[in-house]
Amino acid sequence: MPELPEVETTRRGIAPHVQGRRVRAVHVRQGQLRWPVPDALARDLPGQSIESVARRAKYLLLTTLRGTVIIHLGMSGSLRIVPADAPPGPHDHLDIVFDDGRALRLRDPRRFGAVLWTRDAPAAHPRLSALGPEPLDHHAFTGAYLHGRARGRRQSVKSFLMDARTVVGVGNIYANEALFAAGIRPTTPAGRISLARYGRLTAAVRQVLREAIAAGGTTLRDFVASDGQPGYFRQRLQVYDRAGEPCLTCGTVLRSARIGQRSSFFCARCQR
DNA sequence: CAAGACTCCTGTCAGC
DNA sequence: TGCTGACAGGAGTCTT
């Protein structure tokens with residue numbers, strides 16, 4: 001169930017096997033994902049070469065000269081490179097088969113993911129057009145940006161940070177971790193946080209995401225990279241899923257709370 | 001308008 | 001052992 005680091009890990013894993021390859025066929029075994037897989041995918045993609053494998057927010061973009069495949073992994077999706085004749089498992093919904101006899105295979109038990117196809121510029125696609133800045137873009141994602149956007153908002157800073165219109169890619173794990181790293185209580189109204197603290201928050205978000213990417217992401221249950229390997233950031237989590245355990249900074253017992261229907265974890269001493 | 005609840009789906013786990 | 005309910009890394013859509 002990927003956030004930005006897991007999607008980026010997936011992107012880096014599949015890119016060398018996919019880039020420059022020509023698509024031979026598209027096999028859709030279960031087309032009822034978040035949205036129906038469009039018929040145009042299997043019609044237009046075969047014969048095309050993959051020019052690049054990019055990421056915008058948590059979307060993967062496989063670009064060709066004729067259009068772009070847009071893939072979202074939802075909560076439970078993963079992509080693997082497999083021999084095209086490998087028998088699919090029960091949740092292996094879609095294969096993109098390449099000219100080297102291998103395939104990019106999407107597995108997604110919960111089917112919250114999506115595979116879309118657009119012939120226009122992907123940035124203009126309705127799913128991508130209203131997204132906020134990339135968190136690793138330090139020109140766009142600044143303390144001043146967050147502070148200005150939060151003005152007058154009573155929403156909790158955690159929900160504000162997880163809203164893709166504010167900034168993309170920060171899901172539940174990394175929102176919890178970044179707020180801990182910045183020393184900010186997740187329940188604080190977004191509009192009541194100073195410019196200086198937002199500066200610290202943007203730095204914390206970038207730091208946490210960079211470290212998680214370097215560790216290959218976080219595996220809680222079923223996330224695997226395209227080579228089947230889990231991510232190793234779990235052992236570095238400071239607060240996520242650690243309610244009742246001691247804070248690794250000060251020893252205070254960590255607390256949990258429900259914020260916007262999402263589990264939240266914090267240290268009442270380190271985060272104020 | 002902003003903010004919160006609800007929804008999609010399957011798997012897993014705690015508690016009885 | 002088996003059943004039930006809560007919950008899970010997302011995010012679009014609906015309601016208040």
# chains A, B, ... in the order shown; residues from 1 in each chain; ligands from 1
$ closest_atom_pairs --of "chain C" --to "chain A" --cutoff "9 Å" --atoms "only C-alpha atoms (C1' of nucleotides)" --output "CSV"
residue,atom,partner,partner_atom,distance
C:DA8,C1',A:Met75,CA,8.2
C:DG9,C1',A:Met1,CA,3.8
C:DG10,C1',A:Gly74,CA,5.3
C:DA11,C1',A:Gly74,CA,8.5
$ select_by_dssp --residues "segment 94-254 of chain A" --states "strand (DSSP E or B)" --output "ChimeraX atom specification"
/A:94-98,102-107,114-118,156,189,218,232,246,253
$ write_last_selection --atoms "N, CA, C and O atoms" --output "PDB file, in the first residue's frame"
ATOM      1  N   LEU A  94      -3.675  -7.620 -14.505  1.00  0.00           N
ATOM      2  CA  LEU A  94      -3.332  -7.079 -15.815  1.00  0.00           C
ATOM      3  C   LEU A  94      -1.854  -7.313 -16.117  1.00  0.00           C
ATOM      4  O   LEU A  94      -1.010  -7.181 -15.233  1.00  0.00           O
ATOM      5  N   ASP A  95      -1.558  -7.679 -17.368  1.00  0.00           N
ATOM      6  CA  ASP A  95      -0.179  -7.803 -17.846  1.00  0.00           C
ATOM      7  C   ASP A  95       0.033  -6.866 -19.025  1.00  0.00           C
ATOM      8  O   ASP A  95      -0.833  -6.769 -19.904  1.00  0.00           O
ATOM      9  N   ILE A  96       1.189  -6.201 -19.052  1.00  0.00           N
ATOM     10  CA  ILE A  96       1.662  -5.547 -20.270  1.00  0.00           C
ATOM     11  C   ILE A  96       2.848  -6.379 -20.744  1.00  0.00           C
ATOM     12  O   ILE A  96       3.886  -6.423 -20.083  1.00  0.00           O
ATOM     13  N   VAL A  97       2.666  -7.071 -21.858  1.00  0.00           N
ATOM     14  CA  VAL A  97       3.676  -8.017 -22.348  1.00  0.00           C
ATOM     15  C   VAL A  97       4.615  -7.297 -23.310  1.00  0.00           C
ATOM     16  O   VAL A  97       4.167  -6.573 -24.209  1.00  0.00           O
ATOM     17  N   PHE A  98       5.923  -7.529 -23.108  1.00  0.00           N
ATOM     18  CA  PHE A  98       6.926  -6.850 -23.938  1.00  0.00           C
ATOM     19  C   PHE A  98       7.564  -7.816 -24.943  1.00  0.00           C
ATOM     20  O   PHE A  98       7.385  -9.037 -24.864  1.00  0.00           O
ATOM     21  N   ARG A 102       8.989 -10.914 -21.509  1.00  0.00           N
ATOM     22  CA  ARG A 102       8.615 -10.664 -20.121  1.00  0.00           C
ATOM     23  C   ARG A 102       7.416  -9.733 -20.067  1.00  0.00           C
ATOM     24  O   ARG A 102       7.010  -9.161 -21.081  1.00  0.00           O
ATOM     25  N   ALA A 103       6.851  -9.607 -18.872  1.00  0.00           N
ATOM     26  CA  ALA A 103       5.647  -8.791 -18.732  1.00  0.00           C
ATOM     27  C   ALA A 103       5.702  -7.980 -17.445  1.00  0.00           C
ATOM     28  O   ALA A 103       6.296  -8.401 -16.449  1.00  0.00           O
ATOM     29  N   LEU A 104       5.075  -6.830 -17.492  1.00  0.00           N
ATOM     30  CA  LEU A 104       4.833  -6.019 -16.305  1.00  0.00           C
ATOM     31  C   LEU A 104       3.462  -6.438 -15.777  1.00  0.00           C
ATOM     32  O   LEU A 104       2.456  -6.314 -16.482  1.00  0.00           O
ATOM     33  N   ARG A 105       3.438  -6.974 -14.561  1.00  0.00           N
ATOM     34  CA  ARG A 105       2.207  -7.586 -14.039  1.00  0.00           C
ATOM     35  C   ARG A 105       1.709  -6.812 -12.824  1.00  0.00           C
ATOM     36  O   ARG A 105       2.464  -6.609 -11.869  1.00  0.00           O
ATOM     37  N   LEU A 106       0.449  -6.403 -12.872  1.00  0.00           N
ATOM     38  CA  LEU A 106      -0.173  -5.688 -11.756  1.00  0.00           C
ATOM     39  C   LEU A 106      -0.935  -6.652 -10.865  1.00  0.00           C
ATOM     40  O   LEU A 106      -1.822  -7.369 -11.329  1.00  0.00           O
ATOM     41  N   ARG A 107      -0.573  -6.640  -9.583  1.00  0.00           N
ATOM     42  CA  ARG A 107      -1.322  -7.411  -8.574  1.00  0.00           C
ATOM     43  C   ARG A 107      -1.958  -6.402  -7.636  1.00  0.00           C
ATOM     44  O   ARG A 107      -1.297  -5.472  -7.179  1.00  0.00           O
ATOM     45  N   ALA A 114      -5.626   1.731 -10.154  1.00  0.00           N
ATOM     46  CA  ALA A 114      -6.194   2.107 -11.446  1.00  0.00           C
ATOM     47  C   ALA A 114      -5.148   1.978 -12.544  1.00  0.00           C
ATOM     48  O   ALA A 114      -3.956   2.163 -12.303  1.00  0.00           O
ATOM     49  N   VAL A 115      -5.630   1.623 -13.734  1.00  0.00           N
ATOM     50  CA  VAL A 115      -4.792   1.677 -14.933  1.00  0.00           C
ATOM     51  C   VAL A 115      -5.590   2.456 -15.970  1.00  0.00           C
ATOM     52  O   VAL A 115      -6.676   2.043 -16.372  1.00  0.00           O
ATOM     53  N   LEU A 116      -5.052   3.614 -16.349  1.00  0.00           N
ATOM     54  CA  LEU A 116      -5.747   4.491 -17.284  1.00  0.00           C
ATOM     55  C   LEU A 116      -4.868   4.728 -18.507  1.00  0.00           C
ATOM     56  O   LEU A 116      -3.699   4.365 -18.521  1.00  0.00           O
ATOM     57  N   TRP A 117      -5.449   5.326 -19.516  1.00  0.00           N
ATOM     58  CA  TRP A 117      -4.734   5.581 -20.760  1.00  0.00           C
ATOM     59  C   TRP A 117      -5.170   6.931 -21.295  1.00  0.00           C
ATOM     60  O   TRP A 117      -6.373   7.223 -21.323  1.00  0.00           O
ATOM     61  N   THR A 118      -4.208   7.792 -21.607  1.00  0.00           N
ATOM     62  CA  THR A 118      -4.563   9.075 -22.195  1.00  0.00           C
ATOM     63  C   THR A 118      -3.680   9.354 -23.397  1.00  0.00           C
ATOM     64  O   THR A 118      -2.491   9.027 -23.396  1.00  0.00           O
ATOM     65  N   SER A 156      -7.058  19.834  10.850  1.00  0.00           N
ATOM     66  CA  SER A 156      -5.818  19.401  11.505  1.00  0.00           C
ATOM     67  C   SER A 156      -4.660  19.437  10.509  1.00  0.00           C
ATOM     68  O   SER A 156      -4.839  19.191   9.318  1.00  0.00           O
ATOM     69  N   PRO A 189      -4.604  22.751  14.509  1.00  0.00           N
ATOM     70  CA  PRO A 189      -5.212  23.343  13.309  1.00  0.00           C
ATOM     71  C   PRO A 189      -4.140  23.920  12.381  1.00  0.00           C
ATOM     72  O   PRO A 189      -3.211  24.595  12.842  1.00  0.00           O
ATOM     73  N   THR A 218       8.657   1.254   2.799  1.00  0.00           N
ATOM     74  CA  THR A 218       8.241   0.619   4.051  1.00  0.00           C
ATOM     75  C   THR A 218       7.341  -0.573   3.740  1.00  0.00           C
ATOM     76  O   THR A 218       6.338  -0.424   3.040  1.00  0.00           O
ATOM     77  N   TYR A 232      12.864  -1.574   3.618  1.00  0.00           N
ATOM     78  CA  TYR A 232      13.499  -1.717   4.933  1.00  0.00           C
ATOM     79  C   TYR A 232      13.325  -0.498   5.834  1.00  0.00           C
ATOM     80  O   TYR A 232      14.013  -0.372   6.832  1.00  0.00           O
ATOM     81  N   PRO A 246       7.681   3.210  23.972  1.00  0.00           N
ATOM     82  CA  PRO A 246       8.352   4.447  24.359  1.00  0.00           C
ATOM     83  C   PRO A 246       8.854   5.248  23.162  1.00  0.00           C
ATOM     84  O   PRO A 246       9.306   4.679  22.174  1.00  0.00           O
ATOM     85  N   VAL A 253       5.586   7.388  26.713  1.00  0.00           N
ATOM     86  CA  VAL A 253       4.774   6.397  26.005  1.00  0.00           C
ATOM     87  C   VAL A 253       4.020   7.078  24.858  1.00  0.00           C
ATOM     88  O   VAL A 253       3.323   8.071  25.071  1.00  0.00           O
TER      89      VAL A 253
END
$ interface_residues --of "chain A" --to "chain B" --cutoff "10 Å" --atoms "only C-alpha atoms (C1' of nucleotides)" --output "compact mmCIF listing (two decimals) with N, CA and C atoms, in the first residue's frame"
# COMPACT_ATOMS: atom_id res chain seq x y z
N LEU A 33 -11.27 -2.18 -11.79
CA LEU A 33 -10.45 -1.62 -10.74
C LEU A 33 -11.18 -0.39 -10.21
N ARG A 34 -10.43 0.58 -9.70
CA ARG A 34 -11.08 1.81 -9.19
C ARG A 34 -11.99 2.41 -10.24
N SER A 76 -3.19 -1.55 -2.15
CA SER A 76 -2.62 -2.90 -2.11
C SER A 76 -1.95 -3.31 -3.41
N HIS A 91 -5.08 -12.40 -7.91
CA HIS A 91 -5.24 -10.94 -7.95
C HIS A 91 -4.31 -10.28 -8.95
N ASP A 108 -3.26 -6.57 -7.35
CA ASP A 108 -3.94 -5.60 -6.49
C ASP A 108 -5.17 -6.23 -5.84
N PRO A 109 -4.98 -6.90 -4.69
CA PRO A 109 -6.11 -7.61 -4.05
C PRO A 109 -7.32 -6.73 -3.80
N ARG A 110 -7.11 -5.51 -3.35
CA ARG A 110 -8.28 -4.69 -2.98
C ARG A 110 -8.88 -3.94 -4.16
N ARG A 111 -8.16 -3.88 -5.23
CA ARG A 111 -8.64 -3.23 -6.46
C ARG A 111 -8.98 -1.75 -6.27
N PHE A 112 -8.25 -1.09 -5.38
CA PHE A 112 -8.38 0.37 -5.26
C PHE A 112 -7.47 1.08 -6.24
N ARG A 153 -7.32 28.08 8.03
CA ARG A 153 -7.85 26.71 8.02
C ARG A 153 -7.88 26.14 9.44
N ARG A 154 -9.00 25.51 9.77
CA ARG A 154 -9.11 24.89 11.09
C ARG A 154 -8.88 23.38 11.03
N GLN A 155 -8.74 22.87 9.83
CA GLN A 155 -8.45 21.44 9.64
C GLN A 155 -7.14 21.06 10.36
N SER A 156 -7.06 19.83 10.85
CA SER A 156 -5.82 19.40 11.50
C SER A 156 -4.66 19.44 10.51
N SER A 159 -4.30 16.16 8.47
CA SER A 159 -5.19 16.01 7.31
C SER A 159 -4.79 16.97 6.19
N ARG A 221 2.95 -5.07 5.46
CA ARG A 221 2.40 -6.40 5.22
C ARG A 221 2.88 -6.91 3.88
N GLY A 260 -9.32 12.29 11.07
CA GLY A 260 -9.82 12.12 9.71
C GLY A 260 -9.93 10.66 9.31
N GLN A 261 -10.40 9.83 10.20
CA GLN A 261 -10.59 8.39 9.96
C GLN A 261 -9.28 7.63 9.73
$ residues_around --residues "Cys250 of chain A" --least-positions-apart "2" --cutoff "12 Å" --atoms "only C-alpha atoms (C1' of nucleotides)" --output "PyMOL selection string"
chain A and resi 238+245-248+252-254+267-271
$ select_by_dssp --residues "segment 204-265 of chain A" --states "alpha helix (DSSP H)" --output "MDAnalysis selection string"
chainID A and resid 204:214
$ residues_around --residues "Pro133 of chain A" --least-positions-apart "6" --cutoff "12 Å" --atoms "only C-alpha atoms (C1' of nucleotides)" --output "PyMOL selection string"
chain A and resi 56-57+139-142+145-146+161+163-170+202
$ residues_around --residues "segment 59-70 of chain A" --least-positions-apart "3" --cutoff "9 Å" --atoms "only C-alpha atoms (C1' of nucleotides)" --output "PyMOL selection string"
chain A and resi 4+7-8+10-11+18-19+41+44-45+48-56+73+114-122+128
$ residues_around --residues "Ala181 of chain A" --least-positions-apart "5" --cutoff "12 Å" --atoms "only C-alpha atoms (C1' of nucleotides)" --output "tab-separated table (two decimals) with all heavy atoms, in the first residue's frame"
chain	number	residue	atom	x	y	z
A	174	TYR	N	4.00	8.47	6.42
A	174	TYR	CA	5.00	9.53	6.38
A	174	TYR	C	4.47	10.85	6.93
A	174	TYR	O	5.27	11.68	7.38
A	174	TYR	CB	5.56	9.66	4.96
A	174	TYR	CG	6.21	8.36	4.52
A	174	TYR	CD1	5.64	7.58	3.53
A	174	TYR	CD2	7.35	7.88	5.16
A	174	TYR	CE1	6.21	6.37	3.16
A	174	TYR	CE2	7.92	6.67	4.80
A	174	TYR	CZ	7.35	5.91	3.80
A	174	TYR	OH	7.90	4.71	3.44
A	175	ALA	N	3.16	11.04	6.94
A	175	ALA	CA	2.61	12.21	7.62
A	175	ALA	C	2.89	12.11	9.12
A	175	ALA	O	3.34	13.06	9.76
A	175	ALA	CB	1.11	12.33	7.36
A	176	ASN	N	2.63	10.93	9.68
A	176	ASN	CA	2.93	10.72	11.10
A	176	ASN	C	4.41	10.93	11.39
A	176	ASN	O	4.78	11.59	12.36
A	176	ASN	CB	2.52	9.29	11.51
A	176	ASN	CG	1.04	9.16	11.82
A	176	ASN	OD1	0.55	9.74	12.78
A	176	ASN	ND2	0.33	8.42	10.99
A	186	PRO	N	-0.09	16.40	15.62
A	186	PRO	CA	-0.88	16.22	14.39
A	186	PRO	C	-2.27	16.83	14.44
A	186	PRO	O	-2.86	17.14	13.40
A	186	PRO	CB	-0.95	14.70	14.21
A	186	PRO	CG	-0.52	14.11	15.51
A	186	PRO	CD	0.36	15.11	16.17
A	197	ARG	N	7.73	27.11	11.82
A	197	ARG	CA	7.46	25.70	12.03
A	197	ARG	C	7.10	25.01	10.72
A	197	ARG	O	7.44	23.85	10.51
A	197	ARG	CB	6.33	25.52	13.06
A	197	ARG	CG	6.63	26.21	14.39
A	197	ARG	CD	5.62	25.79	15.43
A	197	ARG	NE	6.03	24.55	16.07
A	197	ARG	CZ	5.17	23.72	16.69
A	197	ARG	NH1	3.90	24.00	16.72
A	197	ARG	NH2	5.62	22.64	17.25
A	200	ARG	N	10.24	24.06	9.12
A	200	ARG	CA	10.77	22.81	9.67
A	200	ARG	C	9.99	21.60	9.15
A	200	ARG	O	10.56	20.53	8.94
A	200	ARG	CB	10.71	22.86	11.20
A	200	ARG	CG	12.02	23.32	11.83
A	200	ARG	CD	11.90	23.48	13.34
A	200	ARG	NE	11.65	24.89	13.68
A	200	ARG	CZ	10.81	25.30	14.62
A	200	ARG	NH1	10.12	24.43	15.33
A	200	ARG	NH2	10.65	26.58	14.86
A	201	LEU	N	8.68	21.79	8.96
A	201	LEU	CA	7.87	20.67	8.48
A	201	LEU	C	8.24	20.28	7.05
A	201	LEU	O	8.36	19.08	6.74
A	201	LEU	CB	6.38	21.02	8.56
A	201	LEU	CG	5.41	19.91	8.13
A	201	LEU	CD1	5.63	18.63	8.93
A	201	LEU	CD2	3.96	20.38	8.25
A	202	THR	N	8.44	21.25	6.19
A	202	THR	CA	8.82	20.90	4.80
A	202	THR	C	10.16	20.17	4.78
A	202	THR	O	10.34	19.20	4.05
A	202	THR	CB	8.89	22.15	3.90
A	202	THR	OG1	9.81	23.09	4.46
A	202	THR	CG2	7.54	22.79	3.74
A	203	ALA	N	11.10	20.62	5.62
A	203	ALA	CA	12.39	19.94	5.68
A	203	ALA	C	12.23	18.51	6.21
A	203	ALA	O	12.87	17.58	5.71
A	203	ALA	CB	13.36	20.73	6.58
A	204	ALA	N	11.34	18.34	7.20
A	204	ALA	CA	11.12	17.01	7.79
A	204	ALA	C	10.47	16.08	6.77
A	204	ALA	O	10.85	14.90	6.66
A	204	ALA	CB	10.25	17.13	9.04
A	205	VAL	N	9.50	16.58	6.01
A	205	VAL	CA	8.85	15.75	4.99
A	205	VAL	C	9.89	15.26	3.99
A	205	VAL	O	9.96	14.06	3.66
A	205	VAL	CB	7.74	16.55	4.26
A	205	VAL	CG1	7.28	15.82	3.00
A	205	VAL	CG2	6.55	16.77	5.19
A	206	ARG	N	10.71	16.17	3.51
A	206	ARG	CA	11.73	15.79	2.52
A	206	ARG	C	12.72	14.78	3.08
A	206	ARG	O	13.07	13.80	2.43
A	206	ARG	CB	12.48	17.04	2.03
A	206	ARG	CG	11.83	17.66	0.83
A	206	ARG	CD	12.76	18.66	0.18
A	206	ARG	NE	12.82	19.89	0.95
A	206	ARG	CZ	11.93	20.86	0.82
A	206	ARG	NH1	10.97	20.76	-0.06
A	206	ARG	NH2	12.03	21.95	1.54
A	207	GLN	N	13.15	15.03	4.32
A	207	GLN	CA	14.13	14.14	4.96
A	207	GLN	C	13.57	12.72	5.10
A	207	GLN	O	14.21	11.73	4.74
A	207	GLN	CB	14.49	14.72	6.33
A	207	GLN	CG	15.31	13.81	7.22
A	207	GLN	CD	16.79	13.93	6.92
A	207	GLN	OE1	17.20	14.74	6.10
A	207	GLN	NE2	17.58	13.10	7.58
A	208	VAL	N	12.33	12.64	5.62
A	208	VAL	CA	11.72	11.32	5.85
A	208	VAL	C	11.52	10.60	4.52
A	208	VAL	O	11.83	9.40	4.39
A	208	VAL	CB	10.37	11.49	6.59
A	208	VAL	CG1	9.56	10.21	6.55
A	208	VAL	CG2	10.61	11.92	8.03
A	209	LEU	N	11.03	11.32	3.50
A	209	LEU	CA	10.80	10.67	2.20
A	209	LEU	C	12.11	10.22	1.57
A	209	LEU	O	12.19	9.12	1.01
A	209	LEU	CB	10.06	11.63	1.26
A	209	LEU	CG	8.62	12.00	1.65
A	209	LEU	CD1	8.03	12.95	0.63
A	209	LEU	CD2	7.74	10.77	1.81
A	237	LEU	N	10.96	3.46	11.54
A	237	LEU	CA	9.79	4.26	11.91
A	237	LEU	C	9.89	4.68	13.37
A	237	LEU	O	10.17	3.86	14.25
A	237	LEU	CB	8.50	3.47	11.67
A	237	LEU	CG	8.19	3.10	10.21
A	237	LEU	CD1	6.95	2.22	10.12
A	237	LEU	CD2	8.01	4.36	9.37
A	238	GLN	N	9.62	5.96	13.63
A	238	GLN	CA	9.72	6.49	14.98
A	238	GLN	C	8.40	6.39	15.76
A	238	GLN	O	8.42	6.16	16.96
A	238	GLN	CB	10.17	7.96	14.93
A	238	GLN	CG	11.48	8.18	14.21
A	238	GLN	CD	12.66	7.60	14.96
A	238	GLN	OE1	12.96	7.99	16.08
A	238	GLN	NE2	13.33	6.63	14.34
A	239	VAL	N	7.28	6.62	15.05
A	239	VAL	CA	5.98	6.64	15.75
A	239	VAL	C	4.92	5.75	15.12
A	239	VAL	O	4.05	5.23	15.83
A	239	VAL	CB	5.42	8.09	15.87
A	239	VAL	CG1	6.27	8.92	16.82
A	239	VAL	CG2	5.30	8.76	14.51
A	240	TYR	N	4.95	5.57	13.80
A	240	TYR	CA	3.86	4.86	13.14
A	240	TYR	C	3.69	3.45	13.70
A	240	TYR	O	4.65	2.67	13.76
A	240	TYR	CB	4.08	4.78	11.62
A	240	TYR	CG	2.90	4.13	10.94
A	240	TYR	CD1	1.78	4.88	10.62
A	240	TYR	CD2	2.89	2.77	10.68
A	240	TYR	CE1	0.67	4.27	10.05
A	240	TYR	CE2	1.79	2.16	10.11
A	240	TYR	CZ	0.69	2.93	9.80
A	240	TYR	OH	-0.41	2.33	9.23
A	247	CYS	N	8.75	6.57	23.29
A	247	CYS	CA	9.33	7.48	22.30
A	247	CYS	C	10.84	7.24	22.25
A	247	CYS	O	11.50	7.16	23.29
A	247	CYS	CB	9.05	8.92	22.71
A	247	CYS	SG	9.90	10.15	21.67
A	248	LEU	N	11.37	7.13	21.04
A	248	LEU	CA	12.80	6.81	20.89
A	248	LEU	C	13.67	8.02	21.20
A	248	LEU	O	14.88	7.90	21.33
A	248	LEU	CB	13.07	6.31	19.48
A	248	LEU	CG	12.33	5.00	19.13
A	248	LEU	CD1	12.45	4.66	17.65
A	248	LEU	CD2	12.83	3.85	19.99
A	249	THR	N	13.02	9.19	21.36
A	249	THR	CA	13.77	10.40	21.72
A	249	THR	C	13.75	10.65	23.22
A	249	THR	O	14.80	10.89	23.83
A	249	THR	CB	13.19	11.63	20.99
A	249	THR	OG1	13.32	11.43	19.59
A	249	THR	CG2	13.93	12.90	21.40
A	266	PHE	N	1.70	9.80	17.97
A	266	PHE	CA	2.54	10.94	18.29
A	266	PHE	C	3.08	10.84	19.72
A	266	PHE	O	2.58	10.06	20.53
A	266	PHE	CB	1.76	12.25	18.12
A	266	PHE	CG	0.58	12.38	19.05
A	266	PHE	CD1	0.67	13.10	20.24
A	266	PHE	CD2	-0.64	11.78	18.75
A	266	PHE	CE1	-0.40	13.21	21.10
A	266	PHE	CE2	-1.73	11.89	19.61
A	266	PHE	CZ	-1.61	12.61	20.79
A	267	CYS	N	4.09	11.64	19.98
A	267	CYS	CA	4.65	11.76	21.32
A	267	CYS	C	4.16	13.08	21.90
A	267	CYS	O	4.44	14.15	21.36
A	267	CYS	CB	6.18	11.74	21.28
A	267	CYS	SG	6.91	12.13	22.89
A	270	CYS	N	7.29	15.39	22.79
A	270	CYS	CA	8.12	15.93	21.70
A	270	CYS	C	7.31	16.75	20.70
A	270	CYS	O	7.87	17.55	19.95
A	270	CYS	CB	8.82	14.80	20.96
A	270	CYS	SG	10.02	13.89	21.94
A	271	GLN	N	6.00	16.51	20.63
A	271	GLN	CA	5.17	17.18	19.62
A	271	GLN	C	4.15	18.08	20.31
A	271	GLN	O	3.27	17.59	21.03
A	271	GLN	CB	4.46	16.15	18.74
A	271	GLN	CG	5.44	15.32	17.91
A	271	GLN	CD	4.75	14.19	17.20
A	271	GLN	OE1	4.77	13.05	17.65
A	271	GLN	NE2	4.12	14.49	16.06
A	272	ARG	N	4.29	19.39	20.09
A	272	ARG	CA	3.37	20.34	20.74
A	272	ARG	C	2.77	21.35	19.78
A	272	ARG	O	2.99	21.27	18.62
A	272	ARG	CB	4.12	21.07	21.85
A	272	ARG	CG	4.57	20.10	22.94
A	272	ARG	CD	5.24	20.83	24.08
A	272	ARG	NE	5.70	19.92	25.10
A	272	ARG	CZ	4.94	19.43	26.08
A	272	ARG	NH1	3.67	19.77	26.16
A	272	ARG	NH2	5.43	18.60	26.98
$ atom_distance --atom1 "atom CA of Ile259 of chain A" --atom2 "atom CA of Val157 of chain A"
9.9 Å
$ atom_distance --atom1 "atom C1' of DA6 of chain C" --atom2 "atom CA of Ala243 of chain A"
16.9 Å
$ atom_distance --atom1 "atom CA of Gly77 of chain A" --atom2 "atom C1' of DT15 of chain C"
29.8 Å
